[in-house]
Amino acid sequence: MAYKPSNRAKSGEESVEPNVTPIMNLMVVLIPMLLQVAAFVQLALLEYAPPALDEGGGGGGDADTTQHEEDVDDRPLLNLTVNVTEEQFEVSIRGATSGEDFRVIPVISPGNYNFDAIHDTLVHIRQEVIGTPLDTLRSVDEETGEEVLGFKWKFKDGDNLKIAAKADIPWQVVVGLLDAARRFEDKDGINKPLYAQPIMGRFE
Amino acid sequence: MAFAPSKRRRLKRNDDPKMNLSSMMDMMTIILLFLLKSYSASGALIKPALDIQLPQSSVQTEPKRALAVVLIKNSNFLQPGLYLDTEEIGDAGNEKLPPARRAEIANQFMIAPMAQIEDENTPMIQGLYDKIVQQQDQDMDLGKEVTDEMTIQAASDIPYNWILKITATGSAANIATYDFVVIKEE
């Protein structure tokens, strides 16, 4: 006669649960630490480097032009300026105050500026008026020692954009304008700098 | 005579009851992954100043350390003016501290009162100029690279004129680059 199966044999295999307590301990420490240091508001820096005082107010000129080259450089000045008033953006080239070199972009509603239109206008000027670079310029950054690549344009101040806003224009409007003038996508979808050297001034 | 204990009772295990932590582990893992994804060590370099609404911008440049100032126009904690942006200035809004101590902290870090910023007769903010020169002298004494960068926190509704006045003052004190703190647009 066969023996009766033992109770252990009848109970089947027990499932073994891993000990998660140390992992839980780790999580309990990590989560408050990460919550403490996490940056939920993503901050960034808007860099602005005005022309040095001895450059005469940013009249233009490529990064590596020497004084001698400056003397013989007979390229014209574009003098691209965006005036910001409570009612509109005014885009002017060659110092125009009317005509085809002067364009007005009114606000959509009070305080609501048309940044898309100003971006399109600035891209149009870059592509149609300034055109393609005449040459590539290489220079060395005195501080970092790194090579800086620049372009020689048809106009001496082809990289410059003067922003002249009225005294009480909110800072957000100027930041929006700087954004609109920073980069653009060309016809091939390549992201390129639009006006690398904005200069902020006052509109009287 | 007592009944014999039933088989079930005899076979009943004597283990301690255990809490099932699996669901909590799942939750913790998800939270941990989310936090690790949103973790940004560089964001901790600059904290948004007390209750000011920074402008939004599409720039992606990461924050870095520099001489930092914050321009306050409307605040529940600070008088309008220009302040040195430090970790400690946050204590000016710490309601656990007595009001006198908070005012003392605010005064300690104030660079220029609003009167100096709004004064249209002067193109510069004298307090800011003095602070930059003081910082540069300190750098030279310590043999460090002289400060030529300034980080500025200014609310989105600050008049443009005040920004120009800060940059004009900085330029007079040989500041070459200004970093305006903005909120990254999604």
# chains A, B, ... in the order shown; residues from 1 in each chain; ligands from 1
>>> interface_residues(of="chain A", to="chain B", cutoff="9 Å", atoms="only C-alpha atoms", output="PyMOL selection string")
chain A and resi 7+20-21+23-24+27-28+30-31+34-35+37-53+165-176+178-179+182+200-202
>>> write_last_selection(atoms="C-alpha atoms", output="PDB file, in the first residue's frame")
ATOM      1  CA  ASN A   7       1.053  17.861   3.428  1.00  0.00           C
ATOM      2  CA  VAL A  20      11.197  45.514  -2.290  1.00  0.00           C
ATOM      3  CA  THR A  21      11.704  47.366   0.969  1.00  0.00           C
ATOM      4  CA  ILE A  23      14.154  49.794  -3.246  1.00  0.00           C
ATOM      5  CA  MET A  24      11.242  51.583  -1.633  1.00  0.00           C
ATOM      6  CA  MET A  27      12.736  55.809  -3.897  1.00  0.00           C
ATOM      7  CA  VAL A  28      11.483  57.597  -0.823  1.00  0.00           C
ATOM      8  CA  LEU A  30      15.255  60.057  -4.324  1.00  0.00           C
ATOM      9  CA  ILE A  31      11.813  61.435  -5.048  1.00  0.00           C
ATOM     10  CA  LEU A  34      14.480  65.354  -7.207  1.00  0.00           C
ATOM     11  CA  LEU A  35      11.312  67.290  -6.402  1.00  0.00           C
ATOM     12  CA  VAL A  37      15.905  70.412  -7.351  1.00  0.00           C
ATOM     13  CA  ALA A  38      13.682  69.925 -10.395  1.00  0.00           C
ATOM     14  CA  ALA A  39      13.234  73.053 -12.499  1.00  0.00           C
ATOM     15  CA  PHE A  40       9.635  73.007 -13.594  1.00  0.00           C
ATOM     16  CA  VAL A  41       9.881  76.504 -15.031  1.00  0.00           C
ATOM     17  CA  GLN A  42      12.398  76.239 -17.823  1.00  0.00           C
ATOM     18  CA  LEU A  43      14.542  79.343 -17.791  1.00  0.00           C
ATOM     19  CA  ALA A  44      16.819  80.457 -20.573  1.00  0.00           C
ATOM     20  CA  LEU A  45      19.057  83.420 -21.254  1.00  0.00           C
ATOM     21  CA  LEU A  46      18.524  85.947 -23.979  1.00  0.00           C
ATOM     22  CA  GLU A  47      22.022  87.116 -24.788  1.00  0.00           C
ATOM     23  CA  TYR A  48      22.628  90.652 -25.909  1.00  0.00           C
ATOM     24  CA  ALA A  49      26.035  92.061 -26.739  1.00  0.00           C
ATOM     25  CA  PRO A  50      25.807  95.728 -27.681  1.00  0.00           C
ATOM     26  CA  PRO A  51      28.589  97.221 -29.759  1.00  0.00           C
ATOM     27  CA  ALA A  52      31.471  98.553 -27.686  1.00  0.00           C
ATOM     28  CA  LEU A  53      31.418 102.298 -27.139  1.00  0.00           C
ATOM     29  CA  ALA A 165      11.437 101.392 -29.134  1.00  0.00           C
ATOM     30  CA  LYS A 166       9.555 104.076 -27.273  1.00  0.00           C
ATOM     31  CA  ALA A 167      10.446 104.432 -23.622  1.00  0.00           C
ATOM     32  CA  ASP A 168       7.288 102.873 -22.188  1.00  0.00           C
ATOM     33  CA  ILE A 169       7.010  99.881 -24.529  1.00  0.00           C
ATOM     34  CA  PRO A 170       6.773  96.699 -22.397  1.00  0.00           C
ATOM     35  CA  TRP A 171       9.931  94.589 -22.306  1.00  0.00           C
ATOM     36  CA  GLN A 172       8.018  91.530 -23.586  1.00  0.00           C
ATOM     37  CA  VAL A 173       7.390  93.286 -26.916  1.00  0.00           C
ATOM     38  CA  VAL A 174      11.105  93.903 -27.443  1.00  0.00           C
ATOM     39  CA  VAL A 175      11.909  90.298 -26.441  1.00  0.00           C
ATOM     40  CA  GLY A 176       9.331  89.122 -29.000  1.00  0.00           C
ATOM     41  CA  LEU A 178      14.399  89.963 -30.825  1.00  0.00           C
ATOM     42  CA  ASP A 179      12.968  86.439 -31.195  1.00  0.00           C
ATOM     43  CA  ARG A 182      16.975  85.804 -34.514  1.00  0.00           C
ATOM     44  CA  MET A 200      18.821  98.250 -28.901  1.00  0.00           C
ATOM     45  CA  GLY A 201      18.240 101.980 -28.919  1.00  0.00           C
ATOM     46  CA  ARG A 202      15.588 104.498 -28.049  1.00  0.00           C
TER      47      ARG A 202
END
>>> select_by_dssp(residues="chain A", states="helix (DSSP H, G or I)", output="ChimeraX atom specification")
/A:7-11,21-37,53-55,67-72,115-130,171-180
>>> write_last_selection(atoms="C-alpha atoms", output="tab-separated table (two decimals), in the first residue's frame")
chain	number	residue	atom	x	y	z
A	7	ASN	CA	1.05	17.86	3.43
A	8	ARG	CA	4.08	19.71	2.01
A	9	ALA	CA	3.81	17.80	-1.26
A	10	LYS	CA	0.18	18.73	-1.51
A	11	SER	CA	0.64	22.42	-0.90
A	21	THR	CA	11.70	47.37	0.97
A	22	PRO	CA	15.28	48.58	0.19
A	23	ILE	CA	14.15	49.79	-3.25
A	24	MET	CA	11.24	51.58	-1.63
A	25	ASN	CA	13.63	53.22	0.82
A	26	LEU	CA	15.76	54.44	-2.07
A	27	MET	CA	12.74	55.81	-3.90
A	28	VAL	CA	11.48	57.60	-0.82
A	29	VAL	CA	14.82	59.39	-0.59
A	30	LEU	CA	15.26	60.06	-4.32
A	31	ILE	CA	11.81	61.44	-5.05
A	32	PRO	CA	11.84	64.29	-2.49
A	33	MET	CA	15.40	65.14	-3.53
A	34	LEU	CA	14.48	65.35	-7.21
A	35	LEU	CA	11.31	67.29	-6.40
A	36	GLN	CA	13.46	69.78	-4.52
A	37	VAL	CA	15.91	70.41	-7.35
A	53	LEU	CA	31.42	102.30	-27.14
A	54	ASP	CA	34.52	102.80	-29.30
A	55	GLU	CA	32.79	101.15	-32.26
A	67	GLN	CA	40.99	99.93	-39.72
A	68	HIS	CA	42.78	99.89	-43.07
A	69	GLU	CA	40.13	97.68	-44.63
A	70	GLU	CA	37.47	99.92	-43.08
A	71	ASP	CA	38.96	102.88	-44.92
A	72	VAL	CA	38.84	101.17	-48.29
A	115	PHE	CA	5.35	89.23	-34.70
A	116	ASP	CA	4.71	86.88	-37.63
A	117	ALA	CA	4.45	89.80	-40.05
A	118	ILE	CA	7.61	91.48	-38.74
A	119	HIS	CA	9.46	88.16	-39.01
A	120	ASP	CA	8.31	87.74	-42.62
A	121	THR	CA	9.34	91.31	-43.44
A	122	LEU	CA	12.80	90.86	-41.92
A	123	VAL	CA	13.25	87.56	-43.80
A	124	HIS	CA	12.17	89.27	-47.02
A	125	ILE	CA	14.80	91.99	-46.50
A	126	ARG	CA	17.45	89.39	-45.73
A	127	GLN	CA	16.67	87.34	-48.83
A	128	GLU	CA	15.66	89.95	-51.36
A	129	VAL	CA	17.54	93.11	-50.37
A	130	ILE	CA	20.70	91.82	-48.69
A	171	TRP	CA	9.93	94.59	-22.31
A	172	GLN	CA	8.02	91.53	-23.59
A	173	VAL	CA	7.39	93.29	-26.92
A	174	VAL	CA	11.11	93.90	-27.44
A	175	VAL	CA	11.91	90.30	-26.44
A	176	GLY	CA	9.33	89.12	-29.00
A	177	LEU	CA	10.93	91.31	-31.65
A	178	LEU	CA	14.40	89.96	-30.83
A	179	ASP	CA	12.97	86.44	-31.19
A	180	ALA	CA	11.45	87.33	-34.57
>>> residues_around(residues="B:Ile132", least_positions_apart="5", cutoff="9 Å", atoms="only C-alpha atoms", output="count of residues only")
8
>>> select_by_dssp(residues="stretch 46-186 of chain B", states="strand (DSSP E or B)", output="VMD selection string")
chain B and resid 56 to 57 67 to 72 81 to 84 110 to 113 149 to 154 159 177 to 184
>>> write_last_selection(atoms="N, CA and C atoms", output="mmCIF file, in the first residue's frame")
data_model
loop_
_atom_site.group_PDB
_atom_site.id
_atom_site.type_symbol
_atom_site.label_atom_id
_atom_site.label_comp_id
_atom_site.auth_asym_id
_atom_site.auth_seq_id
_atom_site.Cartn_x
_atom_site.Cartn_y
_atom_site.Cartn_z
ATOM 1 N N GLN B 56 8.495 85.681 -22.082
ATOM 2 C CA GLN B 56 8.706 84.378 -22.724
ATOM 3 C C GLN B 56 9.507 84.583 -23.993
ATOM 4 N N SER B 57 10.349 83.609 -24.302
ATOM 5 C CA SER B 57 11.169 83.728 -25.500
ATOM 6 C C SER B 57 11.468 82.349 -26.061
ATOM 7 N N LEU B 67 27.314 88.118 -12.691
ATOM 8 C CA LEU B 67 26.782 89.150 -11.798
ATOM 9 C C LEU B 67 25.295 89.303 -12.130
ATOM 10 N N ALA B 68 24.443 89.037 -11.173
ATOM 11 C CA ALA B 68 23.010 88.971 -11.477
ATOM 12 C C ALA B 68 22.239 90.041 -10.718
ATOM 13 N N VAL B 69 21.349 90.708 -11.439
ATOM 14 C CA VAL B 69 20.500 91.706 -10.801
ATOM 15 C C VAL B 69 19.038 91.417 -11.139
ATOM 16 N N VAL B 70 18.167 91.893 -10.309
ATOM 17 C CA VAL B 70 16.733 91.718 -10.570
ATOM 18 C C VAL B 70 16.044 93.075 -10.415
ATOM 19 N N LEU B 71 15.242 93.384 -11.422
ATOM 20 C CA LEU B 71 14.550 94.668 -11.453
ATOM 21 C C LEU B 71 13.112 94.443 -10.989
ATOM 22 N N ILE B 72 12.781 95.071 -9.889
ATOM 23 C CA ILE B 72 11.452 94.871 -9.291
ATOM 24 C C ILE B 72 10.599 96.113 -9.515
ATOM 25 N N GLY B 81 12.649 98.644 -7.221
ATOM 26 C CA GLY B 81 14.063 99.028 -7.350
ATOM 27 C C GLY B 81 14.877 97.920 -7.984
ATOM 28 N N LEU B 82 16.182 98.121 -7.955
ATOM 29 C CA LEU B 82 17.096 97.150 -8.540
ATOM 30 C C LEU B 82 17.834 96.444 -7.403
ATOM 31 N N TYR B 83 17.827 95.112 -7.448
ATOM 32 C CA TYR B 83 18.423 94.325 -6.363
ATOM 33 C C TYR B 83 19.491 93.387 -6.910
ATOM 34 N N LEU B 84 20.421 93.056 -6.040
ATOM 35 C CA LEU B 84 21.381 92.011 -6.358
ATOM 36 C C LEU B 84 20.634 90.683 -6.237
ATOM 37 N N MET B 110 19.603 95.740 -1.935
ATOM 38 C CA MET B 110 19.143 96.762 -2.888
ATOM 39 C C MET B 110 20.342 97.504 -3.486
ATOM 40 N N ILE B 111 20.352 97.599 -4.811
ATOM 41 C CA ILE B 111 21.441 98.305 -5.491
ATOM 42 C C ILE B 111 21.032 99.754 -5.761
ATOM 43 N N ALA B 112 19.800 99.909 -6.223
ATOM 44 C CA ALA B 112 19.338 101.266 -6.545
ATOM 45 C C ALA B 112 17.833 101.347 -6.329
ATOM 46 N N PRO B 113 17.362 102.407 -5.691
ATOM 47 C CA PRO B 113 15.907 102.561 -5.535
ATOM 48 C C PRO B 113 15.274 102.985 -6.865
ATOM 49 N N GLU B 149 30.094 90.284 -17.696
ATOM 50 C CA GLU B 149 28.766 89.780 -18.049
ATOM 51 C C GLU B 149 27.806 90.094 -16.914
ATOM 52 N N MET B 150 26.575 90.341 -17.287
ATOM 53 C CA MET B 150 25.582 90.624 -16.254
ATOM 54 C C MET B 150 24.286 89.899 -16.620
ATOM 55 N N THR B 151 23.696 89.257 -15.632
ATOM 56 C CA THR B 151 22.413 88.585 -15.831
ATOM 57 C C THR B 151 21.314 89.468 -15.244
ATOM 58 N N ILE B 152 20.273 89.671 -16.031
ATOM 59 C CA ILE B 152 19.214 90.594 -15.599
ATOM 60 C C ILE B 152 17.873 89.864 -15.595
ATOM 61 N N GLN B 153 17.192 89.932 -14.460
ATOM 62 C CA GLN B 153 15.814 89.435 -14.406
ATOM 63 C C GLN B 153 14.897 90.645 -14.390
ATOM 64 N N ALA B 154 14.068 90.742 -15.404
ATOM 65 C CA ALA B 154 13.132 91.863 -15.476
ATOM 66 C C ALA B 154 11.779 91.326 -15.912
ATOM 67 N N PRO B 159 9.054 98.799 -18.363
ATOM 68 C CA PRO B 159 9.229 99.690 -19.513
ATOM 69 C C PRO B 159 10.623 99.508 -20.131
ATOM 70 N N THR B 177 28.461 91.808 -22.191
ATOM 71 C CA THR B 177 27.338 90.934 -22.548
ATOM 72 C C THR B 177 26.267 90.968 -21.469
ATOM 73 N N TYR B 178 25.032 91.045 -21.899
ATOM 74 C CA TYR B 178 23.894 91.029 -20.977
ATOM 75 C C TYR B 178 23.087 89.772 -21.249
ATOM 76 N N ASP B 179 22.742 89.061 -20.191
ATOM 77 C CA ASP B 179 21.912 87.867 -20.320
ATOM 78 C C ASP B 179 20.581 88.151 -19.635
ATOM 79 N N PHE B 180 19.546 88.248 -20.438
ATOM 80 C CA PHE B 180 18.223 88.504 -19.865
ATOM 81 C C PHE B 180 17.543 87.163 -19.594
ATOM 82 N N VAL B 181 17.063 86.999 -18.369
ATOM 83 C CA VAL B 181 16.416 85.735 -18.015
ATOM 84 C C VAL B 181 14.996 85.742 -18.572
ATOM 85 N N VAL B 182 14.678 84.669 -19.283
ATOM 86 C CA VAL B 182 13.340 84.547 -19.888
ATOM 87 C C VAL B 182 12.812 83.138 -19.622
ATOM 88 N N ILE B 183 11.538 82.961 -19.858
ATOM 89 C CA ILE B 183 10.944 81.623 -19.750
ATOM 90 C C ILE B 183 10.935 81.014 -21.144
ATOM 91 N N LYS B 184 11.462 79.797 -21.233
ATOM 92 C CA LYS B 184 11.501 79.130 -22.545
ATOM 93 C C LYS B 184 10.081 78.843 -23.013
#
>>> residues_around(residues="stretch 94-102 of chain B", least_positions_apart="5", cutoff="9 Å", atoms="only C-alpha atoms", output="JSON list (two decimals) with N, CA and C atoms, in the first residue's frame")
[["chain", "number", "residue", "atom", "x", "y", "z"],
["B", 77, "PHE", "N", 6.76, 91.77, -1.67],
["B", 77, "PHE", "CA", 7.79, 91.62, -0.65],
["B", 77, "PHE", "C", 8.86, 92.71, -0.69],
["B", 89, "ILE", "N", 18.21, 86.65, -1.02],
["B", 89, "ILE", "CA", 17.15, 87.66, -1.18],
["B", 89, "ILE", "C", 15.77, 87.01, -1.12],
["B", 107, "ASN", "N", 16.95, 95.54, 2.16],
["B", 107, "ASN", "CA", 17.84, 96.72, 2.09],
["B", 107, "ASN", "C", 19.29, 96.31, 1.80]]
>>> atom_distance(atom1="atom CA of A:Glu86", atom2="atom CA of A:Tyr113")
9.0 Å
>>> closest_residue(among="A:Lys152, A:Arg183, A:Arg94, A:Arg75", to="A:Tyr195", atoms="only C-alpha atoms")
A:Arg183
>>> residues_around(residues="A:Arg103", least_positions_apart="5", cutoff="9 Å", atoms="only C-alpha atoms", output="MDAnalysis selection string")
chainID A and resid 89:92 97:98 121
>>> write_last_selection(atoms="N, CA and C atoms", output="compact mmCIF listing (two decimals), in the first residue's frame")
# COMPACT_ATOMS: atom_id res chain seq x y z
N PHE A 89 4.83 98.46 -35.71
CA PHE A 89 6.25 98.34 -36.00
C PHE A 89 6.49 99.15 -37.27
N GLU A 90 7.60 99.85 -37.32
CA GLU A 90 7.97 100.56 -38.55
C GLU A 90 9.33 100.03 -38.99
N VAL A 91 9.36 99.43 -40.16
CA VAL A 91 10.62 98.87 -40.66
C VAL A 91 11.16 99.82 -41.71
N SER A 92 12.39 100.23 -41.49
CA SER A 92 12.96 101.21 -42.40
C SER A 92 14.36 100.75 -42.84
N THR A 97 11.74 107.18 -44.50
CA THR A 97 10.57 107.40 -43.63
C THR A 97 9.28 107.28 -44.43
N SER A 98 9.40 106.95 -45.71
CA SER A 98 8.23 106.68 -46.55
C SER A 98 8.72 105.95 -47.79
N THR A 121 8.74 90.12 -42.83
CA THR A 121 9.34 91.31 -43.44
C THR A 121 10.86 91.27 -43.33
>>> atom_distance(atom1="atom CA of B:Asp51", atom2="atom CA of B:Gly93")
9.3 Å
